[in-house]
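As provided, model_33.cif (mmCIF, C-alpha atoms; chains and numbers go by the auth columns) reads as follows.
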data_run
#
loop_
_atom_site.group_PDB
_atom_site.id
_atom_site.type_symbol
_atom_site.label_atom_id
_atom_site.label_comp_id
_atom_site.label_asym_id
_atom_site.label_seq_id
_atom_site.Cartn_x
_atom_site.Cartn_y
_atom_site.Cartn_z
_atom_site.B_iso_or_equiv
_atom_site.auth_seq_id
_atom_site.auth_asym_id
ATOM 1 C CA MET A 1 -36.727 29.054 0.879 0.00 1 A
ATOM 2 C CA ALA A 2 -35.147 32.311 -0.281 0.00 2 A
ATOM 3 C CA ALA A 3 -32.813 30.344 -2.546 0.00 3 A
ATOM 4 C CA ILE A 4 -35.762 28.405 -3.974 0.00 4 A
ATOM 5 C CA PHE A 5 -37.781 31.585 -4.541 0.00 5 A
ATOM 6 C CA SER A 6 -34.778 33.140 -6.288 0.00 6 A
ATOM 7 C CA VAL A 7 -35.038 30.637 -9.144 0.00 7 A
ATOM 8 C CA GLU A 8 -36.516 32.318 -12.210 0.00 8 A
ATOM 9 C CA GLY A 9 -40.123 31.244 -12.784 0.00 9 A
ATOM 10 C CA THR A 10 -40.808 30.132 -9.209 0.00 10 A
ATOM 11 C CA LEU A 11 -42.526 33.407 -8.341 0.00 11 A
ATOM 12 C CA PRO A 12 -44.882 35.445 -10.545 0.00 12 A
ATOM 13 C CA THR A 13 -43.511 37.845 -13.149 0.00 13 A
ATOM 14 C CA GLY A 14 -42.149 41.008 -11.558 0.00 14 A
ATOM 15 C CA ALA A 15 -41.696 39.478 -8.110 0.00 15 A
ATOM 16 C CA HIS A 16 -37.916 39.314 -8.427 0.00 16 A
ATOM 17 C CA HIS A 17 -37.736 42.982 -9.346 0.00 17 A
ATOM 18 C CA ALA A 18 -39.942 43.915 -6.377 0.00 18 A
ATOM 19 C CA LEU A 19 -37.827 41.822 -3.992 0.00 19 A
ATOM 20 C CA ALA A 20 -34.585 43.356 -5.296 0.00 20 A
ATOM 21 C CA GLU A 21 -36.019 46.876 -4.913 0.00 21 A
ATOM 22 C CA ALA A 22 -37.194 46.151 -1.357 0.00 22 A
ATOM 23 C CA ALA A 23 -33.705 44.898 -0.490 0.00 23 A
ATOM 24 C CA LYS A 24 -32.143 47.981 -2.044 0.00 24 A
ATOM 25 C CA GLU A 25 -34.376 50.221 0.073 0.00 25 A
ATOM 26 C CA ILE A 26 -33.504 48.330 3.271 0.00 26 A
ATOM 27 C CA SER A 27 -29.785 48.460 2.494 0.00 27 A
ATOM 28 C CA THR A 28 -29.787 52.237 1.958 0.00 28 A
ATOM 29 C CA LYS A 29 -31.195 53.085 5.408 0.00 29 A
ATOM 30 C CA SER A 30 -28.791 54.666 7.868 0.00 30 A
ATOM 31 C CA GLY A 31 -27.335 52.563 10.674 0.00 31 A
ATOM 32 C CA LEU A 32 -29.354 54.495 13.256 0.00 32 A
ATOM 33 C CA ALA A 33 -32.574 53.975 11.283 0.00 33 A
ATOM 34 C CA THR A 34 -31.860 50.243 11.008 0.00 34 A
ATOM 35 C CA PHE A 35 -31.244 50.030 14.755 0.00 35 A
ATOM 36 C CA THR A 36 -34.377 52.001 15.709 0.00 36 A
ATOM 37 C CA ARG A 37 -36.502 50.028 13.262 0.00 37 A
ATOM 38 C CA GLY A 38 -35.079 46.922 14.949 0.00 38 A
ATOM 39 C CA VAL A 39 -36.042 48.271 18.380 0.00 39 A
ATOM 40 C CA ALA A 40 -39.607 48.785 17.155 0.00 40 A
ATOM 41 C CA ALA A 41 -39.788 45.260 15.703 0.00 41 A
ATOM 42 C CA GLY A 42 -38.322 43.666 18.836 0.00 42 A
ATOM 43 C CA THR A 43 -40.760 45.561 21.030 0.00 43 A
ATOM 44 C CA LEU A 44 -43.770 44.600 18.918 0.00 44 A
ATOM 45 C CA LEU A 45 -42.828 40.916 18.721 0.00 45 A
ATOM 46 C CA THR A 46 -42.128 40.663 22.435 0.00 46 A
ATOM 47 C CA LEU A 47 -45.419 42.407 23.146 0.00 47 A
ATOM 48 C CA LEU A 48 -47.099 39.857 20.888 0.00 48 A
ATOM 49 C CA SER A 49 -45.566 36.975 22.844 0.00 49 A
ATOM 50 C CA TYR A 50 -46.836 38.423 26.136 0.00 50 A
ATOM 51 C CA LEU A 51 -50.292 39.058 24.690 0.00 51 A
ATOM 52 C CA LEU A 52 -50.531 35.579 23.160 0.00 52 A
ATOM 53 C CA HIS A 53 -49.635 34.080 26.527 0.00 53 A
ATOM 54 C CA ALA A 54 -52.379 36.121 28.177 0.00 54 A
ATOM 55 C CA ALA A 55 -55.055 35.386 25.556 0.00 55 A
ATOM 56 C CA ASP A 56 -57.392 32.537 26.412 0.00 56 A
ATOM 57 C CA SER A 57 -58.966 31.717 23.064 0.00 57 A
ATOM 58 C CA THR A 58 -57.795 30.826 19.585 0.00 58 A
ATOM 59 C CA GLY A 59 -59.858 33.625 18.066 0.00 59 A
ATOM 60 C CA SER A 60 -58.255 36.281 20.238 0.00 60 A
ATOM 61 C CA ARG A 61 -54.787 34.901 19.443 0.00 61 A
ATOM 62 C CA ILE A 62 -55.531 35.145 15.728 0.00 62 A
ATOM 63 C CA VAL A 63 -56.708 38.745 16.102 0.00 63 A
ATOM 64 C CA LEU A 64 -53.624 39.651 18.155 0.00 64 A
ATOM 65 C CA ALA A 65 -51.281 38.087 15.587 0.00 65 A
ATOM 66 C CA TYR A 66 -53.057 39.949 12.794 0.00 66 A
ATOM 67 C CA VAL A 67 -52.955 43.328 14.582 0.00 67 A
ATOM 68 C CA VAL A 68 -49.274 43.075 15.521 0.00 68 A
ATOM 69 C CA GLY A 69 -48.455 41.756 12.032 0.00 69 A
ATOM 70 C CA PHE A 70 -50.276 44.759 10.574 0.00 70 A
ATOM 71 C CA PHE A 71 -48.142 47.155 12.629 0.00 71 A
ATOM 72 C CA LEU A 72 -44.972 45.298 11.653 0.00 72 A
ATOM 73 C CA ALA A 73 -45.876 45.585 7.969 0.00 73 A
ATOM 74 C CA LEU A 74 -46.976 49.203 8.390 0.00 74 A
ATOM 75 C CA GLY A 75 -43.518 50.220 9.624 0.00 75 A
ATOM 76 C CA PRO A 76 -41.801 48.494 7.887 0.00 76 A
ATOM 77 C CA PHE A 77 -39.650 47.522 10.816 0.00 77 A
ATOM 78 C CA ASP A 78 -36.440 45.490 10.796 0.00 78 A
ATOM 79 C CA HIS A 79 -36.755 42.043 12.284 0.00 79 A
ATOM 80 C CA VAL A 80 -33.327 40.460 11.980 0.00 80 A
ATOM 81 C CA VAL A 81 -34.567 37.332 10.210 0.00 81 A
ATOM 82 C CA VAL A 82 -37.058 38.987 7.858 0.00 82 A
ATOM 83 C CA SER A 83 -34.752 41.835 6.868 0.00 83 A
ATOM 84 C CA GLY A 84 -31.841 39.433 6.469 0.00 84 A
ATOM 85 C CA LEU A 85 -33.897 37.332 4.069 0.00 85 A
ATOM 86 C CA HIS A 86 -35.001 40.409 2.136 0.00 86 A
ATOM 87 C CA LEU A 87 -31.375 41.433 1.770 0.00 87 A
ATOM 88 C CA LEU A 88 -30.349 37.953 0.631 0.00 88 A
ATOM 89 C CA PHE A 89 -32.909 38.298 -2.128 0.00 89 A
ATOM 90 C CA GLY A 90 -31.222 41.571 -3.006 0.00 90 A
ATOM 91 C CA VAL A 91 -27.812 39.910 -3.194 0.00 91 A
ATOM 92 C CA TRP A 92 -29.084 37.057 -5.333 0.00 92 A
ATOM 93 C CA LEU A 93 -31.519 38.990 -7.532 0.00 93 A
ATOM 94 C CA GLY A 94 -30.081 42.473 -7.819 0.00 94 A
ATOM 95 C CA ASP A 95 -26.785 44.146 -8.293 0.00 95 A
ATOM 96 C CA THR A 96 -26.752 46.821 -5.594 0.00 96 A
ATOM 97 C CA VAL A 97 -26.935 44.808 -2.354 0.00 97 A
ATOM 98 C CA SER A 98 -23.881 43.005 -0.977 0.00 98 A
ATOM 99 C CA TYR A 99 -23.214 40.395 1.682 0.00 99 A
ATOM 100 C CA ALA A 100 -21.695 43.232 3.721 0.00 100 A
ATOM 101 C CA ASP A 101 -25.126 44.914 3.664 0.00 101 A
ATOM 102 C CA VAL A 102 -26.653 41.671 4.943 0.00 102 A
ATOM 103 C CA GLY A 103 -24.111 41.436 7.779 0.00 103 A
ATOM 104 C CA PHE A 104 -24.483 45.119 8.684 0.00 104 A
ATOM 105 C CA ASN A 105 -28.254 44.749 8.869 0.00 105 A
ATOM 106 C CA ILE A 106 -28.067 41.535 10.901 0.00 106 A
ATOM 107 C CA LEU A 107 -25.821 43.226 13.471 0.00 107 A
ATOM 108 C CA LEU A 108 -27.823 46.435 13.802 0.00 108 A
ATOM 109 C CA ALA A 109 -31.322 44.970 13.465 0.00 109 A
ATOM 110 C CA GLY A 110 -30.392 42.127 15.832 0.00 110 A
ATOM 111 C CA ALA A 111 -29.097 44.592 18.417 0.00 111 A
ATOM 112 C CA GLY A 112 -32.254 46.650 17.969 0.00 112 A
ATOM 113 C CA ASN A 113 -34.468 43.578 18.311 0.00 113 A
ATOM 114 C CA LEU A 114 -32.702 42.658 21.549 0.00 114 A
ATOM 115 C CA ALA A 115 -32.908 46.213 22.878 0.00 115 A
ATOM 116 C CA GLY A 116 -36.605 46.467 22.062 0.00 116 A
ATOM 117 C CA GLY A 117 -37.518 42.990 23.226 0.00 117 A
ATOM 118 C CA LEU A 118 -35.363 42.712 26.327 0.00 118 A
ATOM 119 C CA LEU A 119 -34.966 46.279 27.513 0.00 119 A
ATOM 120 C CA LEU A 120 -38.182 47.979 26.519 0.00 120 A
ATOM 121 C CA MET A 121 -40.665 45.127 26.915 0.00 121 A
ATOM 122 C CA THR A 122 -39.206 42.496 29.226 0.00 122 A
ATOM 123 C CA LEU A 123 -37.519 44.876 31.656 0.00 123 A
ATOM 124 C CA THR A 124 -40.581 47.121 31.945 0.00 124 A
ATOM 125 C CA HIS A 125 -42.861 44.095 32.234 0.00 125 A
ATOM 126 C CA THR A 126 -40.690 42.627 34.991 0.00 126 A
ATOM 127 C CA ALA A 127 -40.572 45.943 36.850 0.00 127 A
ATOM 128 C CA GLN A 128 -44.335 46.263 36.530 0.00 128 A
ATOM 129 C CA VAL A 129 -44.917 42.749 37.906 0.00 129 A
ATOM 130 C CA LYS A 130 -42.516 43.297 40.808 0.00 130 A
ATOM 131 C CA GLY A 131 -44.173 46.643 41.580 0.00 131 A
ATOM 132 C CA ALA A 132 -47.622 45.030 41.563 0.00 132 A
ATOM 133 C CA ARG A 133 -46.429 42.277 43.923 0.00 133 A
ATOM 134 C CA ARG A 134 -44.873 44.839 46.264 0.00 134 A
ATOM 135 C CA ASP A 135 -48.127 46.866 46.304 0.00 135 A
ATOM 136 C CA LYS A 136 -50.188 43.744 46.957 0.00 136 A
ATOM 137 C CA HIS A 137 -48.008 42.461 49.814 0.00 137 A
ATOM 138 C CA GLY A 138 -46.545 45.545 51.230 0.00 138 A
#
Final C-alpha coordinates representation of the file:
Amino acid sequence: MAAIFSVEGTLPTGAHHALAEAAKEISTKSGLATFTRGVAAGTLLTLLSYLLHAADSTGSRIVLAYVVGFFLALGPFDHVVVSGLHLLFGVWLGDTVSYADVGFNILLAGAGNLAGGLLLMTLTHTAQVKGARRDKHG
(Lines of atoms letter the chains of each structure in order from A and count residues from 1; the text may use other names and numbers.)
(Lines give C-alpha, C1' and ligand atoms only; values in the text may rest on other atoms or scores of the structure.)
Protein backbone atom coordinates (compact mmCIF):
# COMPACT_ATOMS: atom_id res chain seq x y z
CA MET A 1 0.00 0.00 0.00
CA ALA A 2 2.89 2.36 0.69
CA ALA A 3 4.00 2.04 -2.93
CA ILE A 4 0.46 2.78 -4.12
CA PHE A 5 0.15 5.80 -1.81
CA SER A 6 3.49 7.08 -3.09
CA VAL A 7 2.04 7.65 -6.56
CA GLU A 8 1.46 11.36 -7.13
CA GLY A 9 -2.24 12.23 -6.95
CA THR A 10 -3.30 9.19 -4.93
CA LEU A 11 -3.27 11.14 -1.67
CA PRO A 12 -4.45 14.73 -1.10
CA THR A 13 -2.16 17.66 -1.88
CA GLY A 14 0.55 18.06 0.75
CA ALA A 15 0.30 14.49 2.03
CA HIS A 16 3.56 13.43 0.39
CA HIS A 17 5.41 16.32 2.00
CA ALA A 18 3.95 15.46 5.42
CA LEU A 19 4.89 11.78 5.03
CA ALA A 20 8.45 12.66 3.96
CA GLU A 21 8.83 15.02 6.94
CA ALA A 22 7.52 12.38 9.36
CA ALA A 23 10.03 9.89 7.97
CA LYS A 24 12.82 12.43 8.29
CA GLU A 25 11.93 13.00 11.94
CA ILE A 26 11.88 9.26 12.68
CA SER A 27 15.22 8.74 10.93
CA THR A 28 16.97 11.47 12.93
CA LYS A 29 16.18 9.96 16.35
CA SER A 30 19.09 8.43 18.23
CA GLY A 31 19.45 4.65 18.35
CA LEU A 32 18.62 4.63 22.06
CA ALA A 33 15.49 6.73 21.48
CA THR A 34 14.37 4.38 18.69
CA PHE A 35 14.89 1.36 20.95
CA THR A 36 13.06 2.88 23.94
CA ARG A 37 10.21 4.08 21.73
CA GLY A 38 10.05 0.49 20.46
CA VAL A 39 9.89 -0.83 24.03
CA ALA A 40 6.96 1.48 24.74
CA ALA A 41 5.13 0.39 21.57
CA GLY A 42 5.74 -3.31 22.24
CA THR A 43 4.51 -2.95 25.80
CA LEU A 44 1.36 -1.09 24.77
CA LEU A 45 0.47 -3.53 21.99
CA THR A 46 1.04 -6.57 24.17
CA LEU A 47 -1.04 -4.97 26.90
CA LEU A 48 -3.76 -4.41 24.31
CA SER A 49 -3.71 -8.08 23.33
CA TYR A 50 -4.10 -9.15 26.97
CA LEU A 51 -6.89 -6.64 27.56
CA LEU A 52 -8.75 -7.63 24.39
CA HIS A 53 -8.59 -11.26 25.48
CA ALA A 54 -10.04 -10.32 28.86
CA ALA A 55 -12.80 -8.05 27.50
CA ASP A 56 -16.17 -9.71 27.11
CA SER A 57 -18.01 -7.32 24.81
CA THR A 58 -17.46 -5.75 21.43
CA GLY A 59 -18.00 -2.27 22.85
CA SER A 60 -15.31 -2.68 25.47
CA ARG A 61 -12.90 -4.05 22.85
CA ILE A 62 -13.51 -1.00 20.68
CA VAL A 63 -12.87 1.34 23.61
CA LEU A 64 -9.68 -0.54 24.54
CA ALA A 65 -8.38 -0.40 20.96
CA TYR A 66 -9.14 3.32 20.80
CA VAL A 67 -7.44 4.11 24.14
CA VAL A 68 -4.29 2.13 23.36
CA GLY A 69 -4.24 3.56 19.82
CA PHE A 70 -4.48 7.04 21.32
CA PHE A 71 -1.44 6.39 23.52
CA LEU A 72 0.48 4.94 20.57
CA ALA A 73 -0.25 8.05 18.50
CA LEU A 74 0.47 10.34 21.45
CA GLY A 75 4.03 9.00 21.75
CA PRO A 76 4.71 8.64 18.87
CA PHE A 77 6.21 5.26 19.55
CA ASP A 78 8.10 3.01 17.14
CA HIS A 79 6.25 -0.10 16.12
CA VAL A 80 8.53 -1.94 13.72
CA VAL A 81 5.95 -2.23 10.95
CA VAL A 82 4.47 1.27 11.22
CA SER A 83 7.82 3.03 11.52
CA GLY A 84 9.27 0.91 8.73
CA LEU A 85 6.42 1.97 6.45
CA HIS A 86 6.84 5.62 7.42
CA LEU A 87 10.52 5.38 6.55
CA LEU A 88 9.78 3.72 3.22
CA PHE A 89 7.63 6.71 2.40
CA GLY A 90 10.63 8.85 3.27
CA VAL A 91 12.87 6.89 0.91
CA TRP A 92 10.37 7.05 -1.93
CA LEU A 93 9.08 10.59 -1.40
CA GLY A 94 11.97 12.51 0.09
CA ASP A 95 15.66 12.86 -0.33
CA THR A 96 16.99 12.58 3.22
CA VAL A 97 15.95 9.06 4.27
CA SER A 98 17.83 5.99 3.04
CA TYR A 99 17.25 2.25 3.01
CA ALA A 100 19.96 2.08 5.69
CA ASP A 101 17.71 4.24 7.90
CA VAL A 102 14.87 1.78 7.28
CA GLY A 103 17.06 -1.20 8.22
CA PHE A 104 18.47 0.56 11.30
CA ASN A 105 14.96 1.37 12.50
CA ILE A 106 13.67 -2.14 11.82
CA LEU A 107 16.49 -3.64 13.90
CA LEU A 108 16.22 -1.26 16.84
CA ALA A 109 12.44 -0.83 16.90
CA GLY A 110 11.98 -4.59 16.43
CA ALA A 111 14.32 -5.32 19.33
CA GLY A 112 12.48 -2.73 21.41
CA ASN A 113 9.10 -4.19 20.48
CA LEU A 114 10.29 -7.64 21.55
CA ALA A 115 11.79 -6.32 24.78
CA GLY A 116 8.62 -4.42 25.65
CA GLY A 117 6.22 -7.13 24.59
CA LEU A 118 8.05 -10.21 25.83
CA LEU A 119 10.09 -8.97 28.76
CA LEU A 120 8.02 -6.19 30.25
CA MET A 121 4.50 -7.47 29.59
CA THR A 122 4.61 -11.22 29.04
CA LEU A 123 7.25 -12.02 31.64
CA THR A 124 5.60 -9.87 34.32
CA HIS A 125 2.18 -11.25 33.40
CA THR A 126 3.46 -14.82 33.64
CA ALA A 127 5.15 -14.13 36.98
CA GLN A 128 1.96 -12.52 38.27
CA VAL A 129 -0.16 -15.51 37.21
CA LYS A 130 2.27 -18.01 38.75
CA GLY A 131 2.38 -15.96 41.96
CA ALA A 132 -1.42 -15.88 42.13
CA ARG A 133 -1.61 -19.66 41.63
CA ARG A 134 1.01 -20.23 44.33
CA ASP A 135 -0.93 -17.98 46.76
CA LYS A 136 -4.19 -19.75 45.96
CA HIS A 137 -2.81 -23.28 46.39
CA GLY A 138 -0.05 -22.83 48.81
Evaluate the PyMOL selection byres ((chain A and resi 77-82) around 6) and record the selected residues as a ChimeraX atom specification, following the chain and residue labels used in the document. /A:37-38,41,72,75-76,83-85,106,109-110
I'd like to see the residues matched by the PyMOL selection byres ((chain A and resi 65) around 12) on this file, and ideally I'd get them as JSON, numbers by chain. {"A": [44, 45, 46, 47, 48, 49, 50, 51, 52, 53, 55, 58, 59, 60, 61, 62, 63, 64, 66, 67, 68, 69, 70, 71, 72, 73]}
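Put simply, the PyMOL selection byres ((chain A and resi 19) around 8) on this file hits A:Ala15, A:His16, A:His17, A:Ala18, A:Ala20, A:Glu21, A:Ala22, A:Ala23, A:His86, A:Phe89, A:Gly90, A:Leu93.
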Using all atoms listed in the file: which of A:Met121, A:Leu74, A:Leu114, A:Leu87 has the shortest distance to Asp101 (chain A):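 Nearest to Asp101 (chain A): A:Leu87.
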What is the CA of Gly31 (chain A) to CA of Met1 (chain A) distance in Å?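 Between CA of Gly31 (chain A) and CA of Met1 (chain A) the gap is 27.1 Å.
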Compile the contact shell of Ser98 (chain A) as a ChimeraX atom specification: residues with an atom at most 9 Å away, counting only C-alpha atoms, same-chain residues fewer than 4 positions apart removed. /A:27,87-88,90-91,102-103
What does the distance between CA of Lys29 (chain A) and CA of Thr96 (chain A) come to in Å, to one decimal place?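 Rounded to one decimal, the two atoms are 13.4 Å apart.
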Measure the distance from CA of Gly112 (chain A) to CA of Val97 (chain A) in Å and round it to one decimal.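 Answer for the CA of Gly112 (chain A) to CA of Val97 (chain A) separation: 21.1 Å.
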If we count all atoms listed in the file and set the cut-off at 10 Å, which residues sit around Val7 (chain A), ignoring sequence neighbours fewer than 3 positions away in its own chain? Please answer as a ChimeraX atom specification. /A:2-4,10-11,16,92-93
For each of A:Gly42, A:Glu25, A:Leu32, A:Glu8, take the minimum atom-to-atom distance to Leu118 (chain A), counting all atoms listed in the file, then give the residue where this is smallest.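 Under the stated criterion, the closest residue is A:Gly42.
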Between A:Thr36, A:Thr28, A:Ser6, A:Thr43, which is the closest to Gly117 (chain A) once you count only C-alpha atoms?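 Among A:Thr36, A:Thr28, A:Ser6, A:Thr43, it is A:Thr43 that comes nearest to Gly117 (chain A).
Of the residues listed (A:Thr124, A:Leu119, A:Asn105, A:Ala100), A:Asn105 shows the shortest atom-to-atom separation from Phe35 (chain A); distances use only C-alpha atoms.
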